[in-house]
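Below: the structure, in structure tokens.
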Amino acid sequence: MKKILFVASECVPFVKTGGLADVVGSLPKYLDRTRYDVRVILPNYHSIRDSYRKEERVLYYFQMDDRVYVGVHELVLDGIVYYFIDNERYFGGYVPYYDMFQDLERFAYFSKAVLSCLPLIGFRPDIIHCHDWQSSLVPVYLNTVFQGDPFFRGIRTIMTIHNLRFQGNWDVGHIRWISGLPDECFMPGRMVSPFQDRNVGFDGWNCSMLRGGIVYSDYVTTVSRTYAQEMQSPAFGEGLDDILNWRSDRLLGIVNGIDYDIWNPACDDAIPVRYGIDDVSAGKTANKRALQHELGLKPDDGTFTLGIVSRLTDQKGLDLVDRIMDKLCFRGIGLIVLGTGDRHFENMFRYYQDKFPCQVSARIMYSDDLAHRIYAGVDALLVPSAFEPCGLTQLIALRYGTVPIVHEVGGLKDTVEPYNEYEERGNGFSFAGYTSWELLDRIDHAHSVYRDRPDSWLKIQKRGMSEDNSWKMSGAEYQDLYDIL
Ligand code: ADP
Ligand code: GLC
């Protein structure tokens, strides 16, 4: 049996700010447990719900490098073993992330503590599967500081990139100081870009922890096939396209799945009326009515209602939405937004809610339950992201008979097939150019099909609902990768 250790900073049901948590929380459940012993290791954030923290068992504690405390706690949930790295100073706050300066130190500590605790807790993974920059120093430590220890010999690493925008960047001097990594790691081409300004001097060079993970891991993956291509170009590469090109023979795009136990309109406790593919129209209408009532919107079954469930950041294409909001509302279209993020976008949606109170609802908050009710109650979900490594909300929408309207990038391109009325194909609507006019044009098209050709709309919904976007296929692709390493 192969032993796999997932290392991540987020995981459902313990802590979530975005899709990373969904993936880390669901993929292990869908891997073949007769062939893989998959365990997950996370920081023991204070913000993890008490009901879970109380169940944790202290497995071991020690002083790393004779100076920093590392506690290792264990919890078994649904047959999966979770380890938590405990340290009050680093993880005692109420949110998982602080500012980048502090997070660099917190996650450098986390990555080193993960490796340091393994010989003590009696679990020697064959493969360590790292997720995003917060765990990206694991392959770096493994191949440098820990290299001489026979316990670690032969352990393979996978670096999965969920979002290139977040890299853990600072100058060499600082990252060298907080990580204690040897100078060789900071040579140009390793954690430092080879295209640095030579005049700045070694300590001033910009250093990327994620770059380290990419260079030192055995395999690099990302969360869709299209993003795997895009990330090798300067437009999407966020300054790492050189190294991603260099590693392209060991770079794989595997599209995310969603947890079909959590996201299932036929047995979803959070929605007022449950439904399946056979009663999708009636089910969605009932949920829409309840949602309009809950949010204080004008009750009207016929209002074409769009939803956005998202972090409210630059990535998500909200500048395009800003430019078309008045036009949407003058057309009688409704919009329900659930999200938190940049103050600018939060206030933008509050403004439109004040301006069009019967049509627009802006819930600037994080709520799992409301997210479920929105997926069930809106007609279409907007995902106009400027870039999107995979995107899970469009997959959830498809499962709920909600039609996605997306920008053709990354995983959105791989999972949403644009509606073709001549061949009766497609599960959503998409636009290629990142402009507000194209977005508006697609929304108008979707609106006209919804209003004038309900039979075609129903077929689009049913095509989406009958697809399999669970982990069945993608889980098998990860297993193939584990097998070749
Ligand atoms: P990203 O990881 O870039 O934020 P994804 O589409 O991969 O985007 O995943 C977003 C996940 O977070 C989805 O499960 C979505 O339902 C959830 N989500 C985002 N914002 C909120 C919110 N305000 N309340 C509840 N769930 C949210
Ligand atoms: C990131 C990406 C998103 C992806 C998620 C899970 O946060 O922004 O596109 O779906 O990770 O892989």
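Residues are referred to by chain and number: the chain letter is A, B, ... according to the order shown in the structure tokens, the number counts from 1 in that chain, and ligands are numbered separately from 1 in the order shown.
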
Which residues of chain A have any atom within 7 Å of an atom in ligand 1 when counting only C-alpha atoms and all ligand atoms, and what is the closest pair of atoms for each, with the distance in Å to one decimal? Order the rows by chain and rising number and write it as a tab-separated table.
```
residue	atom	partner	partner_atom_place_in_ligand_line	distance
A:Thr17	CA	ligand 1	12 (O)	6.3
A:Gly18	CA	ligand 1	4 (O)	3.8
A:Gly19	CA	ligand 1	9 (O)	3.3
A:Leu20	CA	ligand 1	2 (O)	5.5
A:Asp22	CA	ligand 1	14 (O)	6.2
A:Val309	CA	ligand 1	20 (N)	5.1
A:Ser310	CA	ligand 1	20 (N)	3.9
A:Arg311	CA	ligand 1	20 (N)	4.8
A:Leu338	CA	ligand 1	23 (N)	4.9
A:Gly339	CA	ligand 1	23 (N)	3.4
A:Thr340	CA	ligand 1	23 (N)	5.4
A:Ile364	CA	ligand 1	23 (N)	7.0
A:Met365	CA	ligand 1	23 (N)	5.2
A:Tyr366	CA	ligand 1	23 (N)	3.6
A:Ser367	CA	ligand 1	24 (N)	4.1
A:Asp368	CA	ligand 1	25 (C)	4.3
A:Leu370	CA	ligand 1	25 (C)	7.0
A:Ala371	CA	ligand 1	25 (C)	5.1
A:Glu388	CA	ligand 1	3 (O)	7.0
A:Cys390	CA	ligand 1	7 (O)	6.2
A:Gly391	CA	ligand 1	6 (O)	3.6
A:Leu392	CA	ligand 1	6 (O)	3.8
A:Thr393	CA	ligand 1	6 (O)	4.5
```

Restrict the selected residues to C-alpha atoms and save them as a PDB file, in the first residue's frame.
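File again24.pdb, as written:
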```pdb
ATOM      1  CA  THR A  17     -11.178  30.367   2.491  1.00  0.00           C
ATOM      2  CA  GLY A  18     -11.504  29.027  -1.055  1.00  0.00           C
ATOM      3  CA  GLY A  19     -11.403  26.045  -3.377  1.00  0.00           C
ATOM      4  CA  LEU A  20      -8.074  24.738  -2.038  1.00  0.00           C
ATOM      5  CA  ASP A  22     -12.570  21.804  -0.954  1.00  0.00           C
ATOM      6  CA  VAL A 309     -20.359  33.080  -4.993  1.00  0.00           C
ATOM      7  CA  SER A 310     -16.774  34.140  -4.816  1.00  0.00           C
ATOM      8  CA  ARG A 311     -13.792  35.690  -3.153  1.00  0.00           C
ATOM      9  CA  LEU A 338     -22.164  36.192  -1.744  1.00  0.00           C
ATOM     10  CA  GLY A 339     -18.533  36.961  -1.048  1.00  0.00           C
ATOM     11  CA  THR A 340     -15.863  38.767   0.875  1.00  0.00           C
ATOM     12  CA  ILE A 364     -20.764  40.489   2.101  1.00  0.00           C
ATOM     13  CA  MET A 365     -20.005  37.539   4.316  1.00  0.00           C
ATOM     14  CA  TYR A 366     -18.881  33.951   4.328  1.00  0.00           C
ATOM     15  CA  SER A 367     -21.701  31.416   4.678  1.00  0.00           C
ATOM     16  CA  ASP A 368     -21.650  27.802   3.557  1.00  0.00           C
ATOM     17  CA  LEU A 370     -26.301  30.514   2.045  1.00  0.00           C
ATOM     18  CA  ALA A 371     -23.921  29.391  -0.702  1.00  0.00           C
ATOM     19  CA  GLU A 388      -9.090  30.700 -13.166  1.00  0.00           C
ATOM     20  CA  CYS A 390      -9.867  25.472 -12.192  1.00  0.00           C
ATOM     21  CA  GLY A 391     -12.846  27.034 -10.461  1.00  0.00           C
ATOM     22  CA  LEU A 392     -15.256  24.952  -8.440  1.00  0.00           C
ATOM     23  CA  THR A 393     -18.317  27.181  -8.393  1.00  0.00           C
TER      24      THR A 393
END
```

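Residues in contact with Gln134 (chain A) at 8 Å, where only C-alpha atoms are counted and same-chain residues fewer than 4 positions away are skipped, are listed as Ala8, Ser9, Leu104, Phe107, Ala108, Ser111 and Gly168 of chain A.
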
Output N, CA, C and O atoms for every residue in that selection, as a short mmCIF file (atom, residue, chain, number, x, y, z; two decimals), in the first residue's frame.
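This went into out09.cif:
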```
data_model
loop_
_atom_site.label_atom_id
_atom_site.label_comp_id
_atom_site.auth_asym_id
_atom_site.auth_seq_id
_atom_site.Cartn_x
_atom_site.Cartn_y
_atom_site.Cartn_z
N ALA A 8 -1.12 20.88 3.45
CA ALA A 8 -1.86 22.05 2.97
C ALA A 8 -2.18 23.00 4.10
O ALA A 8 -2.06 22.65 5.28
N SER A 9 -2.61 24.20 3.72
CA SER A 9 -2.95 25.20 4.73
C SER A 9 -4.46 25.30 4.95
O SER A 9 -4.91 26.02 5.82
N LEU A 104 4.93 34.22 5.67
CA LEU A 104 6.15 33.57 5.19
C LEU A 104 6.79 32.78 6.32
O LEU A 104 7.14 31.61 6.17
N PHE A 107 4.53 29.74 7.55
CA PHE A 107 4.45 28.55 6.71
C PHE A 107 5.82 27.93 6.42
O PHE A 107 5.90 26.75 6.09
N ALA A 108 6.88 28.72 6.58
CA ALA A 108 8.22 28.11 6.53
C ALA A 108 8.36 27.19 7.74
O ALA A 108 8.81 26.04 7.64
N SER A 111 6.25 24.02 7.14
CA SER A 111 6.84 23.05 6.20
C SER A 111 7.97 22.27 6.87
O SER A 111 8.09 21.05 6.69
N GLY A 168 4.33 33.44 -2.07
CA GLY A 168 5.24 33.56 -0.92
C GLY A 168 6.53 34.22 -1.35
O GLY A 168 7.60 33.62 -1.29
#
```

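Using only C-alpha atoms, the nearest neighbour of Tyr30 (chain A) within the list A:Val58, A:Gly257, A:Phe330, A:Val383 is A:Gly257.
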
Practice prompt. Give the strand (DSSP E or B) residues of region 71-261 of chain A, as DSSP finds them on the backbone, and put them as a ChimeraX atom specification.
Written response: /A:71-77,80-86,127-131,156-161,169-171,188,192,206-208,219-222,251-253

Worksheet item: Neighbours of Ile80 (chain A) within 12 Å (only C-alpha atoms; same-chain residues fewer than 6 positions away dropped), as number ranges by chain?
Response: A: 4-6, 24-31, 33, 36-41, 74

Please produce a file of the residues just selected, as a PDB file, in the first residue's frame, where the atoms kept are N, CA, C and O atoms.
```pdb
ATOM      1  N   ILE A   4       0.636   8.178   1.284  1.00  0.00           N
ATOM      2  CA  ILE A   4       0.657   9.536   0.724  1.00  0.00           C
ATOM      3  C   ILE A   4       0.342  10.520   1.843  1.00  0.00           C
ATOM      4  O   ILE A   4      -0.597  10.303   2.613  1.00  0.00           O
ATOM      5  N   LEU A   5       1.096  11.607   1.894  1.00  0.00           N
ATOM      6  CA  LEU A   5       0.793  12.656   2.874  1.00  0.00           C
ATOM      7  C   LEU A   5       0.454  13.954   2.143  1.00  0.00           C
ATOM      8  O   LEU A   5       1.271  14.488   1.391  1.00  0.00           O
ATOM      9  N   PHE A   6      -0.773  14.442   2.343  1.00  0.00           N
ATOM     10  CA  PHE A   6      -1.158  15.750   1.804  1.00  0.00           C
ATOM     11  C   PHE A   6      -0.704  16.821   2.791  1.00  0.00           C
ATOM     12  O   PHE A   6      -0.983  16.709   3.987  1.00  0.00           O
ATOM     13  N   VAL A  24      -8.541  19.680  -0.954  1.00  0.00           N
ATOM     14  CA  VAL A  24      -7.779  18.910   0.038  1.00  0.00           C
ATOM     15  C   VAL A  24      -8.730  18.098   0.924  1.00  0.00           C
ATOM     16  O   VAL A  24      -8.402  17.007   1.373  1.00  0.00           O
ATOM     17  N   GLY A  25      -9.931  18.631   1.117  1.00  0.00           N
ATOM     18  CA  GLY A  25     -10.896  17.923   1.957  1.00  0.00           C
ATOM     19  C   GLY A  25     -11.616  16.802   1.247  1.00  0.00           C
ATOM     20  O   GLY A  25     -12.151  15.904   1.887  1.00  0.00           O
ATOM     21  N   SER A  26     -11.660  16.823  -0.070  1.00  0.00           N
ATOM     22  CA  SER A  26     -12.462  15.796  -0.747  1.00  0.00           C
ATOM     23  C   SER A  26     -11.625  14.762  -1.503  1.00  0.00           C
ATOM     24  O   SER A  26     -11.951  13.573  -1.496  1.00  0.00           O
ATOM     25  N   LEU A  27     -10.533  15.178  -2.135  1.00  0.00           N
ATOM     26  CA  LEU A  27      -9.763  14.219  -2.950  1.00  0.00           C
ATOM     27  C   LEU A  27      -9.338  12.968  -2.155  1.00  0.00           C
ATOM     28  O   LEU A  27      -9.527  11.846  -2.645  1.00  0.00           O
ATOM     29  N   PRO A  28      -8.804  13.094  -0.926  1.00  0.00           N
ATOM     30  CA  PRO A  28      -8.374  11.880  -0.213  1.00  0.00           C
ATOM     31  C   PRO A  28      -9.498  10.861  -0.024  1.00  0.00           C
ATOM     32  O   PRO A  28      -9.272   9.662  -0.051  1.00  0.00           O
ATOM     33  N   LYS A  29     -10.728  11.367   0.117  1.00  0.00           N
ATOM     34  CA  LYS A  29     -11.856  10.447   0.346  1.00  0.00           C
ATOM     35  C   LYS A  29     -12.149   9.593  -0.871  1.00  0.00           C
ATOM     36  O   LYS A  29     -12.748   8.539  -0.774  1.00  0.00           O
ATOM     37  N   TYR A  30     -11.763  10.103  -2.031  1.00  0.00           N
ATOM     38  CA  TYR A  30     -12.141   9.417  -3.274  1.00  0.00           C
ATOM     39  C   TYR A  30     -10.997   8.606  -3.875  1.00  0.00           C
ATOM     40  O   TYR A  30     -11.123   8.092  -4.981  1.00  0.00           O
ATOM     41  N   LEU A  31      -9.891   8.493  -3.170  1.00  0.00           N
ATOM     42  CA  LEU A  31      -8.800   7.641  -3.660  1.00  0.00           C
ATOM     43  C   LEU A  31      -9.032   6.223  -3.126  1.00  0.00           C
ATOM     44  O   LEU A  31      -9.645   6.037  -2.075  1.00  0.00           O
ATOM     45  N   ARG A  33      -8.870   3.274  -1.175  1.00  0.00           N
ATOM     46  CA  ARG A  33      -8.261   3.093   0.156  1.00  0.00           C
ATOM     47  C   ARG A  33      -7.604   1.732   0.327  1.00  0.00           C
ATOM     48  O   ARG A  33      -6.893   1.498   1.291  1.00  0.00           O
ATOM     49  N   TYR A  36      -4.077   2.980  -1.327  1.00  0.00           N
ATOM     50  CA  TYR A  36      -3.358   4.171  -0.857  1.00  0.00           C
ATOM     51  C   TYR A  36      -3.787   4.508   0.569  1.00  0.00           C
ATOM     52  O   TYR A  36      -4.984   4.543   0.854  1.00  0.00           O
ATOM     53  N   ASP A  37      -2.794   4.731   1.411  1.00  0.00           N
ATOM     54  CA  ASP A  37      -3.067   5.229   2.762  1.00  0.00           C
ATOM     55  C   ASP A  37      -2.796   6.734   2.720  1.00  0.00           C
ATOM     56  O   ASP A  37      -1.648   7.165   2.772  1.00  0.00           O
ATOM     57  N   VAL A  38      -3.863   7.509   2.567  1.00  0.00           N
ATOM     58  CA  VAL A  38      -3.698   8.961   2.409  1.00  0.00           C
ATOM     59  C   VAL A  38      -4.002   9.667   3.724  1.00  0.00           C
ATOM     60  O   VAL A  38      -5.075   9.474   4.308  1.00  0.00           O
ATOM     61  N   ARG A  39      -3.065  10.440   4.184  1.00  0.00           N
ATOM     62  CA  ARG A  39      -3.272  11.233   5.398  1.00  0.00           C
ATOM     63  C   ARG A  39      -3.036  12.712   5.074  1.00  0.00           C
ATOM     64  O   ARG A  39      -2.382  13.018   4.085  1.00  0.00           O
ATOM     65  N   VAL A  40      -3.554  13.566   5.915  1.00  0.00           N
ATOM     66  CA  VAL A  40      -3.490  15.009   5.628  1.00  0.00           C
ATOM     67  C   VAL A  40      -2.866  15.712   6.825  1.00  0.00           C
ATOM     68  O   VAL A  40      -3.206  15.397   7.962  1.00  0.00           O
ATOM     69  N   ILE A  41      -1.970  16.653   6.573  1.00  0.00           N
ATOM     70  CA  ILE A  41      -1.389  17.415   7.682  1.00  0.00           C
ATOM     71  C   ILE A  41      -1.637  18.913   7.470  1.00  0.00           C
ATOM     72  O   ILE A  41      -1.457  19.431   6.366  1.00  0.00           O
ATOM     73  N   GLU A  74      -3.632  14.532  16.422  1.00  0.00           N
ATOM     74  CA  GLU A  74      -4.195  13.610  15.422  1.00  0.00           C
ATOM     75  C   GLU A  74      -5.708  13.533  15.604  1.00  0.00           C
ATOM     76  O   GLU A  74      -6.210  13.591  16.717  1.00  0.00           O
TER      77      GLU A  74
END
```

Item to complete: Could you give me, as a ChimeraX atom specification, the residues within 9 Å of region 182-195 of chain A, counting only C-alpha atoms and dropping anything in the same chain fewer than 5 positions from it?
Response: /A:140,144-145,172,176,202,205-216,239-240,242-243

Would you mind listing what lies within 8 Å of Phe345 (chain A) as a CSV table (one decimal) with N, CA and C atoms, in the first residue's frame, with only C-alpha atoms counted and same-chain residues fewer than 2 positions away left out?
```
chain,number,residue,atom,x,y,z
A,312,LEU,N,-14.0,38.1,-3.4
A,312,LEU,CA,-14.1,39.3,-4.2
A,312,LEU,C,-12.8,40.0,-4.4
A,313,THR,N,-12.1,39.4,-5.4
A,313,THR,CA,-10.7,39.9,-5.7
A,313,THR,C,-10.5,40.2,-7.2
A,318,LEU,N,-14.5,41.0,-11.5
A,318,LEU,CA,-15.6,41.8,-11.0
A,318,LEU,C,-15.6,43.2,-11.6
A,341,GLY,N,-13.8,40.0,0.4
A,341,GLY,CA,-12.5,40.2,-0.2
A,341,GLY,C,-12.1,41.6,-0.2
A,342,ASP,N,-11.7,42.2,-1.3
A,342,ASP,CA,-11.2,43.6,-1.4
A,342,ASP,C,-12.4,44.5,-1.1
A,343,ARG,N,-12.0,45.5,-0.2
A,343,ARG,CA,-13.0,46.5,0.2
A,343,ARG,C,-13.7,47.1,-1.0
A,347,ASN,N,-17.7,47.1,-1.4
A,347,ASN,CA,-18.5,48.3,-1.4
A,347,ASN,C,-19.2,48.5,-2.8
A,348,MET,N,-18.6,48.1,-3.8
A,348,MET,CA,-19.2,48.2,-5.1
A,348,MET,C,-20.6,47.4,-5.1
A,349,PHE,N,-20.6,46.2,-4.6
A,349,PHE,CA,-21.8,45.5,-4.6
A,349,PHE,C,-22.8,46.1,-3.6
```

Discussion item. List the spatial neighbours of Pro13 (chain A) as JSON, numbers by chain - criterion: any atom at most 9 Å away, only C-alpha atoms, same-chain residues fewer than 2 positions off excluded.
Written reply: {"A": [11, 15, 16, 21, 22, 25, 48]}

Worksheet item: Residues at most 12 Å from Ser248 (chain A), counting only C-alpha atoms, excluding those fewer than 2 positions away in the same chain, as a ChimeraX atom specification?
Response: /A:214-215,218-222,228-233,241-246,250-253

Residues from the last selection, C-alpha atoms, saved as a compact mmCIF listing (two decimals), in the first residue's frame:
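Heads up, here's the output in selection.txt:
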```txt
# COMPACT_ATOMS: atom_id res chain seq x y z
CA ILE A 214 8.46 23.79 -8.45
CA VAL A 215 12.23 23.37 -8.78
CA ASP A 218 9.56 15.39 -8.47
CA TYR A 219 6.37 16.33 -10.24
CA VAL A 220 4.35 19.51 -10.64
CA THR A 221 0.62 19.47 -11.21
CA THR A 222 -2.05 22.09 -11.53
CA ALA A 228 -1.19 23.90 -17.23
CA GLN A 229 -0.68 25.38 -20.72
CA GLU A 230 -1.51 28.96 -19.81
CA MET A 231 0.91 29.05 -16.87
CA GLN A 232 3.80 28.49 -19.24
CA SER A 233 3.12 31.82 -20.94
CA ASP A 241 6.67 30.82 -16.73
CA ASP A 242 10.40 30.23 -17.28
CA ILE A 243 10.62 27.53 -14.65
CA LEU A 244 7.27 26.03 -15.62
CA ASN A 245 8.46 25.75 -19.20
CA TRP A 246 11.63 24.14 -18.01
CA ARG A 250 6.92 16.85 -15.48
CA LEU A 251 3.96 19.21 -15.42
CA LEU A 252 0.45 17.82 -15.54
CA GLY A 253 -3.01 19.42 -15.48
```

Contacts of region 362-394 of chain A with region 331-337 of chain A up to 8 Å, shortest pair per row, only C-alpha atoms, as CSV:
```
residue,atom,partner,partner_atom,distance
A:Ala362,CA,A:Val337,CA,4.8
A:Arg363,CA,A:Val337,CA,5.9
A:Ile364,CA,A:Val337,CA,7.7
A:Ile374,CA,A:Ile336,CA,7.7
A:Val378,CA,A:Ile336,CA,7.9
```

Restricting it to N, CA and C atoms, dump the selection as an mmCIF file, in the first residue's frame.
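Here's the written file result-v1.cif:
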```
data_model
loop_
_atom_site.group_PDB
_atom_site.id
_atom_site.type_symbol
_atom_site.label_atom_id
_atom_site.label_comp_id
_atom_site.auth_asym_id
_atom_site.auth_seq_id
_atom_site.Cartn_x
_atom_site.Cartn_y
_atom_site.Cartn_z
ATOM 1 N N ALA A 362 -26.565 41.922 -1.966
ATOM 2 C CA ALA A 362 -25.129 41.716 -1.754
ATOM 3 C C ALA A 362 -24.925 41.227 -0.333
ATOM 4 N N ARG A 363 -24.578 39.974 -0.196
ATOM 5 C CA ARG A 363 -24.275 39.448 1.140
ATOM 6 C C ARG A 363 -22.770 39.391 1.282
ATOM 7 N N ILE A 364 -22.216 40.394 1.967
ATOM 8 C CA ILE A 364 -20.764 40.489 2.101
ATOM 9 C C ILE A 364 -20.370 39.718 3.356
ATOM 10 N N ILE A 374 -27.966 29.619 -2.659
ATOM 11 C CA ILE A 374 -27.802 30.410 -3.892
ATOM 12 C C ILE A 374 -27.599 29.476 -5.092
ATOM 13 N N VAL A 378 -30.606 30.327 -7.873
ATOM 14 C CA VAL A 378 -30.439 31.253 -9.006
ATOM 15 C C VAL A 378 -30.528 30.484 -10.331
#
```

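Of the listed residues (A:Lys298, A:Arg49, A:Lys2, A:Arg323), A:Lys2 comes nearest to Ile155 (chain A); the distances count only C-alpha atoms.
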
Discussion item. From a backbone DSSP assignment, name each residue in region 109-352 of chain A labelled alpha helix (DSSP H), as a PyMOL selection string.
Written reply: chain A and resi 109-121+137-142+172-179+209-216+225-230+241-246+280-295+318-330+343-352

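With distances restricted to only C-alpha atoms and all ligand atoms, A:Leu395 is the closest residue to ligand 2 from A:Val280, A:Met100, A:Leu395, A:Cys329.
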
Item to complete: May I ask which of the residues A:Ser385, A:Ser436, A:Thr415, A:Ser47 is the closest one to Met325 (chain A), counting only C-alpha atoms?
Response: A:Ser436

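Interatomic distance, CA of Val321 (chain A) to CA of Trp437 (chain A): 10.1 Å.
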
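Going from CA of Trp170 (chain A) over to CA of Gly204 (chain A), you cover 8.8 Å.
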
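Rounded to one decimal, CA of Met159 (chain A) and CA of Cys130 (chain A) lie 4.9 Å from each other.
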
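When only C-alpha atoms and all ligand atoms are used to compute distances to ligand 2, the closest of the residues A:Asp452, A:Asp414, A:Asp319, A:Asp66 turns out to be A:Asp414.
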